[in-house]
Amino acid sequence: MSEETRSLNFIEHIIEEDLAKGMSKKDLRFRFPPEPNGYLHIGHTKAIGISFGLGEKYNAPVNLRFDDTNPIKEEQEYVDAIKEDVAWLGYTWENEVYSSDYFQQLYDWAVQLIKEGKAYVDSQSSEAMAEQKGTPTQPGVDSPYRNRSVEENLDLFERMKNGEFDEGTHVLRAKIDMGHTNMLMRDPIMYRILKKHHHRTGYDWCIYPMYDWTHGESDYIESISHSLCSLEFKPHRELYDWFLDQVVEPDKLRPKQREFARLNLSYTIMSKRKLLRLVEENIVSGWDDPRMPTISGLRRRGYTPNAIKKFIETVGVAKRDNVIDVALLEFCIREDLNKTAPRVMAVLDPIKLIITNYPEGKEEWLDAENNQEDESAGFRKVPFSRELYIERDDFKEQAGSKFFRLTLDQEVRLKNAYIVKAESVVKDDAGHIVEIHGTYSEDPTIKVKSTIHWVSVRHAVKAEVREYDRLFMHESPDTHPEKDFMEFLNPESLKIIDAYVEPSLQDAKVNDRFQFQRLGYFSVDKDSTSEQLVFNKTVGLRDSWAKESRSKSATSKKPENQAKQKHNQPQRKAIDIIQQLGKKYTNLPEEKQLTTKAEIQELAKNVTYDELKPWFNTAAKKVGTRIATMITLGVLLEQGLDRNEDVDAFIASGLEDKNEALVTVAKGL
């Protein structure tokens, strides 16, 4: 959708209204203000995308400001990681600034408020102040120190700054209204004593400003026009404005705070405190563990900036919090890597296939297409020999009609190579198959239903594959007040596999991404060495959780409802559901199209070619149905269905269609 035709989100409407009222475009300035107390996670990408996206849209500067007012939790490591993450996403900031740059100005303004009788030093304990705060329905109680003289407050505050008092003995509070309906306005703390080392100012300061006092004043100093925050800061807006009222000069631009819904993701936690616990308790290997929702973890796992930006764009800017299915994020990376990742062959669960009529010692180097999505990707050479590794799941001695792969009575095509027929097996003492013996044919007239991948034993490169699953087994692991979120950890979130890959991967570099054909997308990990390749599984070709989620939903129904459904409503075939989804496809918004496509792909696993083939003749005007049919065909082809004239003709008709969505799906085949 073009920029001109795309509807504006509510933040853009606010900016457009300000411009219409006379604000100059030259006055627009935004900022992204992370606290350097942890690594950025996927939730932060929404705030990053909004602020930097507005900067790009309006050609306005965007500051990267570190809100470094708490030396207890903040470290230079986090500053460096945040800068790397924002740059990796493809954004450029105008100025790199720090709240600590403004410590002197903030102190001077605080002194001004004391002189005006709008701030005072409170010497109570934190517990006493909390008791006096009141409740949302009951007003608070004035501190016994609220009416200290200006002179005493100035003296105490200066001595706090000079380090004469211990931590916790005094705080500086704004004098607003202890009976205010907004509890944040009940004399909020502006400064506290912290005798800790600061990553930038060292021990120059032993009093540090609170976030609410620092945030708006920093925006003002930097001439930020629109201060964009997540929804939890909406109650803070009144205090934000009150603090600005005390310092803003009439001839200078005044920042405006507005709030948007934060990004919550299923099966994920977004609290930096809880993520730090995972690191400290060695549940994960570090902040960049590929199971972590951090940007560095996603990068190491093989995610791309384009996929993350597409995800954020699809989610959109909302005013109310909601939980986004992590499957949408996974869908976006599949779509991106499908276009860009070279196709290679790898075998993760190997069993040996010996082609008895292929000459011993002979080898051939066959042409293999690198990426059918990219015409410029070209071809590579893959070696073929008498002994091959294939996936154990690609062979059964006996199988039903829906098993298209290799059996003792069914031939298959080896990807980029020949047709093979299994004739016998060798088993160990426990009855497990250890070898398959078969013959090959170069006869082009032989019709087969399936194609499988393989790796030549003689040329295979051994590699470690780290297969990741979701870190948590519950879709909302940190929303149970009676349970620790750690109770929902998935004990099988990491599986290490000894695999074999084709020799073209021998020189793969860290962060190179590939599609292991028929298996998923994988990225070279930083732990790789010249002696040992290590791959991280980025995402599978299909959402393996979708079917499980539907199964859980079905089992949660009451038994009587299940019985009623069983007796009164025959189960619908997957192909019928797919066609129903297809009828509505073109009328759906983009986000819903993505989730519907994922649902069709999951249903397609239960569709046979014979069921799908009649839909190749769908009328051209029924575009949605044709798209659903094309999506389903893609799944069958990835499962090993061999292409034939009917398949090629249907794909060709899709490529020639006027509908862009249908053409896009057809290009993927």
# chains A, B, ... in the order shown; residues from 1 in each chain; ligands from 1

$ residues_around --residues "region 651-654 of chain A" --least-positions-apart "2" --cutoff "12 Å" --atoms "only C-alpha atoms" --output "ChimeraX atom specification"
/A:616-620,623-634,637,643-649,656-669

$ residues_around --residues "Ala174 (chain A)" --least-positions-apart "3" --cutoff "7 Å" --atoms "only C-alpha atoms" --output "list of chain:residue names"
A:Lys118, A:Ala119, A:Tyr120, A:Asp187, A:Pro188, A:Ile189, A:Met190

$ write_last_selection --atoms "N, CA, C and O atoms" --output "PDB file, in the first residue's frame"
ATOM      1  N   LYS A 118       7.602  25.559  45.629  1.00  0.00           N
ATOM      2  CA  LYS A 118       6.950  24.459  44.916  1.00  0.00           C
ATOM      3  C   LYS A 118       7.668  23.125  45.095  1.00  0.00           C
ATOM      4  O   LYS A 118       7.322  22.139  44.448  1.00  0.00           O
ATOM      5  N   ALA A 119       8.664  23.080  45.972  1.00  0.00           N
ATOM      6  CA  ALA A 119       9.367  21.829  46.258  1.00  0.00           C
ATOM      7  C   ALA A 119       9.930  21.912  47.671  1.00  0.00           C
ATOM      8  O   ALA A 119      10.246  23.008  48.163  1.00  0.00           O
ATOM      9  N   TYR A 120      10.056  20.759  48.307  1.00  0.00           N
ATOM     10  CA  TYR A 120      10.553  20.727  49.687  1.00  0.00           C
ATOM     11  C   TYR A 120      11.295  19.421  49.946  1.00  0.00           C
ATOM     12  O   TYR A 120      11.098  18.408  49.248  1.00  0.00           O
ATOM     13  N   ASP A 187       2.452  15.160  45.622  1.00  0.00           N
ATOM     14  CA  ASP A 187       3.821  15.509  46.016  1.00  0.00           C
ATOM     15  C   ASP A 187       4.840  14.445  45.584  1.00  0.00           C
ATOM     16  O   ASP A 187       5.480  13.789  46.422  1.00  0.00           O
ATOM     17  N   PRO A 188       5.012  14.261  44.291  1.00  0.00           N
ATOM     18  CA  PRO A 188       5.927  13.226  43.802  1.00  0.00           C
ATOM     19  C   PRO A 188       7.383  13.536  44.148  1.00  0.00           C
ATOM     20  O   PRO A 188       7.783  14.701  44.272  1.00  0.00           O
ATOM     21  N   ILE A 189       8.162  12.484  44.286  1.00  0.00           N
ATOM     22  CA  ILE A 189       9.599  12.638  44.570  1.00  0.00           C
ATOM     23  C   ILE A 189      10.308  13.121  43.302  1.00  0.00           C
ATOM     24  O   ILE A 189      10.077  12.596  42.209  1.00  0.00           O
ATOM     25  N   MET A 190      11.192  14.097  43.478  1.00  0.00           N
ATOM     26  CA  MET A 190      11.980  14.622  42.366  1.00  0.00           C
ATOM     27  C   MET A 190      13.429  14.128  42.420  1.00  0.00           C
ATOM     28  O   MET A 190      14.050  13.894  41.379  1.00  0.00           O
TER      29      MET A 190
END

$ residues_around --residues "region 424-435 of chain A" --least-positions-apart "3" --cutoff "12 Å" --atoms "only C-alpha atoms" --output "ChimeraX atom specification"
/A:349-356,387-393,395-398,406-409,421,438-439

$ write_last_selection --atoms "N, CA, C and O atoms" --output "CSV table (one decimal), in the first residue's frame"
chain,number,residue,atom,x,y,z
A,349,ASP,N,18.2,-35.7,10.5
A,349,ASP,CA,18.0,-37.0,11.1
A,349,ASP,C,18.4,-38.1,10.0
A,349,ASP,O,17.5,-38.7,9.4
A,350,PRO,N,19.6,-38.3,9.8
A,350,PRO,CA,20.1,-39.1,8.7
A,350,PRO,C,19.9,-40.6,8.8
A,350,PRO,O,20.0,-41.2,9.8
A,351,ILE,N,19.6,-41.1,7.6
A,351,ILE,CA,19.6,-42.6,7.4
A,351,ILE,C,20.3,-42.8,6.0
A,351,ILE,O,20.0,-42.0,5.1
A,352,LYS,N,21.1,-43.8,5.9
A,352,LYS,CA,21.9,-44.0,4.7
A,352,LYS,C,21.0,-44.7,3.6
A,352,LYS,O,20.4,-45.7,3.8
A,353,LEU,N,21.1,-44.1,2.4
A,353,LEU,CA,20.5,-44.7,1.2
A,353,LEU,C,21.6,-45.1,0.3
A,353,LEU,O,22.4,-44.3,-0.2
A,354,ILE,N,21.7,-46.4,0.0
A,354,ILE,CA,22.8,-46.9,-0.9
A,354,ILE,C,22.1,-47.3,-2.3
A,354,ILE,O,21.2,-48.1,-2.3
A,355,ILE,N,22.6,-46.6,-3.3
A,355,ILE,CA,22.1,-46.9,-4.7
A,355,ILE,C,22.9,-48.0,-5.3
A,355,ILE,O,24.0,-47.7,-5.8
A,356,THR,N,22.4,-49.2,-5.3
A,356,THR,CA,23.2,-50.3,-5.7
A,356,THR,C,23.7,-50.4,-7.1
A,356,THR,O,24.7,-51.0,-7.5
A,387,GLU,N,26.4,-43.4,-2.2
A,387,GLU,CA,25.8,-43.4,-0.9
A,387,GLU,C,25.3,-42.0,-0.5
A,387,GLU,O,26.1,-41.0,-0.6
A,388,LEU,N,24.1,-42.0,0.0
A,388,LEU,CA,23.5,-40.7,0.3
A,388,LEU,C,22.9,-40.7,1.7
A,388,LEU,O,22.6,-41.8,2.2
A,389,TYR,N,22.8,-39.6,2.3
A,389,TYR,CA,22.0,-39.4,3.5
A,389,TYR,C,20.6,-38.8,3.1
A,389,TYR,O,20.6,-37.9,2.4
A,390,ILE,N,19.5,-39.4,3.6
A,390,ILE,CA,18.2,-38.8,3.5
A,390,ILE,C,17.6,-38.7,4.9
A,390,ILE,O,18.1,-39.3,5.9
A,391,GLU,N,16.5,-38.0,5.0
A,391,GLU,CA,15.8,-37.9,6.3
A,391,GLU,C,15.1,-39.2,6.6
A,391,GLU,O,14.5,-39.8,5.8
A,392,ARG,N,15.3,-39.6,7.9
A,392,ARG,CA,14.7,-40.9,8.3
A,392,ARG,C,13.2,-40.8,8.1
A,392,ARG,O,12.6,-41.9,7.7
A,393,ASP,N,12.5,-39.7,8.3
A,393,ASP,CA,11.1,-39.6,8.1
A,393,ASP,C,10.7,-39.7,6.6
A,393,ASP,O,9.5,-39.8,6.3
A,395,PHE,N,11.3,-42.1,4.7
A,395,PHE,CA,11.2,-43.5,4.2
A,395,PHE,C,10.3,-44.2,5.2
A,395,PHE,O,10.4,-44.1,6.4
A,396,LYS,N,9.4,-45.1,4.6
A,396,LYS,CA,8.7,-46.0,5.4
A,396,LYS,C,8.6,-47.3,4.6
A,396,LYS,O,8.5,-47.3,3.4
A,397,GLU,N,8.7,-48.4,5.3
A,397,GLU,CA,8.7,-49.7,4.6
A,397,GLU,C,7.3,-49.9,4.0
A,397,GLU,O,7.1,-50.3,2.8
A,398,GLN,N,6.3,-49.5,4.7
A,398,GLN,CA,4.9,-49.5,4.3
A,398,GLN,C,4.2,-48.3,4.7
A,398,GLN,O,4.4,-47.8,5.8
A,406,LEU,N,9.5,-42.0,0.0
A,406,LEU,CA,10.1,-43.2,-0.4
A,406,LEU,C,9.5,-44.4,0.4
A,406,LEU,O,9.5,-44.4,1.6
A,407,THR,N,9.1,-45.4,-0.3
A,407,THR,CA,8.7,-46.7,0.3
A,407,THR,C,9.2,-47.8,-0.5
A,407,THR,O,9.8,-47.6,-1.6
A,408,LEU,N,9.0,-49.1,-0.1
A,408,LEU,CA,9.5,-50.2,-0.8
A,408,LEU,C,8.7,-50.4,-2.1
A,408,LEU,O,9.1,-51.2,-3.0
A,409,ASP,N,7.6,-49.8,-2.2
A,409,ASP,CA,6.8,-50.0,-3.5
A,409,ASP,C,6.5,-48.6,-4.1
A,409,ASP,O,5.5,-48.5,-4.9
A,421,LYS,N,14.3,-45.9,-6.4
A,421,LYS,CA,13.3,-46.9,-5.9
A,421,LYS,C,14.0,-47.7,-4.8
A,421,LYS,O,15.0,-48.3,-5.0
A,438,GLY,N,18.6,-49.4,-2.7
A,438,GLY,CA,17.7,-49.2,-3.8
A,438,GLY,C,18.4,-48.9,-5.1
A,438,GLY,O,19.7,-49.1,-5.2
A,439,THR,N,17.7,-48.6,-6.2
A,439,THR,CA,18.3,-48.4,-7.5
A,439,THR,C,17.8,-47.1,-8.1
A,439,THR,O,16.8,-46.6,-7.6

$ atom_distance --atom1 "CA of Tyr521 (chain A)" --atom2 "CA of Asp80 (chain A)"
28.8 Å

$ closest_residue --among "A:Asp507, A:Glu335, A:Asp68, A:Glu16" --to "Leu594 (chain A)" --atoms "only C-alpha atoms"
A:Glu335

$ residues_around --residues "Arg148 (chain A)" --least-positions-apart "5" --cutoff "9 Å" --atoms "only C-alpha atoms" --output "list of chain:residue names"
A:Tyr120, A:Val121, A:Asp122, A:Asn153

$ closest_residue --among "A:Ala318, A:Leu276, A:Ile452, A:Met23" --to "Gly38 (chain A)" --atoms "only C-alpha atoms"
A:Leu276

$ select_by_dssp --residues "region 146-212 of chain A" --states "strand (DSSP E or B)" --output "PyMOL selection string"
chain A and resi 171-174+189-193+198+202+207-209

$ write_last_selection --atoms "C-alpha atoms" --output "compact mmCIF listing (two decimals), in the first residue's frame"
# COMPACT_ATOMS: atom_id res chain seq x y z
CA VAL A 171 14.26 13.22 49.31
CA LEU A 172 13.16 16.28 47.39
CA ARG A 173 9.42 16.35 46.64
CA ALA A 174 7.32 18.63 44.46
CA ILE A 189 9.60 12.64 44.57
CA MET A 190 11.98 14.62 42.37
CA TYR A 191 15.38 13.56 43.81
CA ARG A 192 16.76 10.77 45.97
CA ILE A 193 20.22 10.14 47.41
CA HIS A 198 27.37 6.38 37.33
CA GLY A 202 31.27 8.69 37.95
CA ILE A 207 21.60 12.76 44.16
CA TYR A 208 19.74 11.59 41.07
CA PRO A 209 16.54 12.94 39.49

$ select_by_dssp --residues "region 222-458 of chain A" --states "alpha helix (DSSP H)" --output "ChimeraX atom specification"
/A:237-247,272-280,295-301,305-315,326-340

$ residues_around --residues "Ile497 (chain A)" --least-positions-apart "5" --cutoff "10 Å" --atoms "only C-alpha atoms" --output "list in words"
Leu348, Asp349, Ala463, Glu464, Val465, Arg466, Glu467, Val534 and Phe535 of chain A

$ residues_around --residues "Leu194 (chain A)" --least-positions-apart "6" --cutoff "10 Å" --atoms "only C-alpha atoms" --output "list in words"
Asn70, Pro71, Ile72, Met160, Gly163, Asp166, Glu167, Gly168, Tyr203, Trp205, Cys206, Ile207 and Tyr208 of chain A

$ atom_distance --atom1 "CA of Glu281 (chain A)" --atom2 "CA of Phe488 (chain A)"
15.2 Å

$ closest_residue --among "A:Asp67, A:Glu411, A:Asp498, A:Glu238" --to "Ile176 (chain A)" --atoms "only C-alpha atoms"
A:Glu238

$ atom_distance --atom1 "CA of Ser266 (chain A)" --atom2 "CA of Glu475 (chain A)"
4.8 Å

$ residues_around --residues "Thr169 (chain A)" --least-positions-apart "5" --cutoff "8 Å" --atoms "only C-alpha atoms" --output "PyMOL selection string"
chain A and resi 123-125+193

$ write_last_selection --atoms "N, CA, C and O atoms" --output "mmCIF file, in the first residue's frame"
data_model
loop_
_atom_site.group_PDB
_atom_site.id
_atom_site.type_symbol
_atom_site.label_atom_id
_atom_site.label_comp_id
_atom_site.auth_asym_id
_atom_site.auth_seq_id
_atom_site.Cartn_x
_atom_site.Cartn_y
_atom_site.Cartn_z
ATOM 1 N N SER A 123 12.028 14.328 55.075
ATOM 2 C CA SER A 123 12.993 13.504 55.812
ATOM 3 C C SER A 123 12.356 12.257 56.406
ATOM 4 O O SER A 123 12.906 11.644 57.326
ATOM 5 N N GLN A 124 11.209 11.864 55.886
ATOM 6 C CA GLN A 124 10.539 10.651 56.367
ATOM 7 C C GLN A 124 11.106 9.405 55.682
ATOM 8 O O GLN A 124 11.756 9.485 54.638
ATOM 9 N N SER A 125 10.773 8.263 56.233
ATOM 10 C CA SER A 125 11.124 7.006 55.575
ATOM 11 C C SER A 125 10.187 6.786 54.389
ATOM 12 O O SER A 125 9.098 7.370 54.324
ATOM 13 N N ILE A 193 18.779 10.276 47.198
ATOM 14 C CA ILE A 193 20.221 10.139 47.411
ATOM 15 C C ILE A 193 20.651 8.741 46.988
ATOM 16 O O ILE A 193 20.091 7.741 47.447
#

$ closest_residue --among "A:Thr137, A:Thr294, A:Asn511, A:Ser99" --to "Leu533 (chain A)" --atoms "only C-alpha atoms"
A:Asn511

$ closest_residue --among "A:Ala87, A:Lys381, A:His13, A:Gln506" --to "Lys462 (chain A)" --atoms "only C-alpha atoms"
A:Gln506

$ closest_residue --among "A:Ser376, A:Gly540, A:Trp242, A:Phe165" --to "Asn338 (chain A)" --atoms "only C-alpha atoms"
A:Gly540
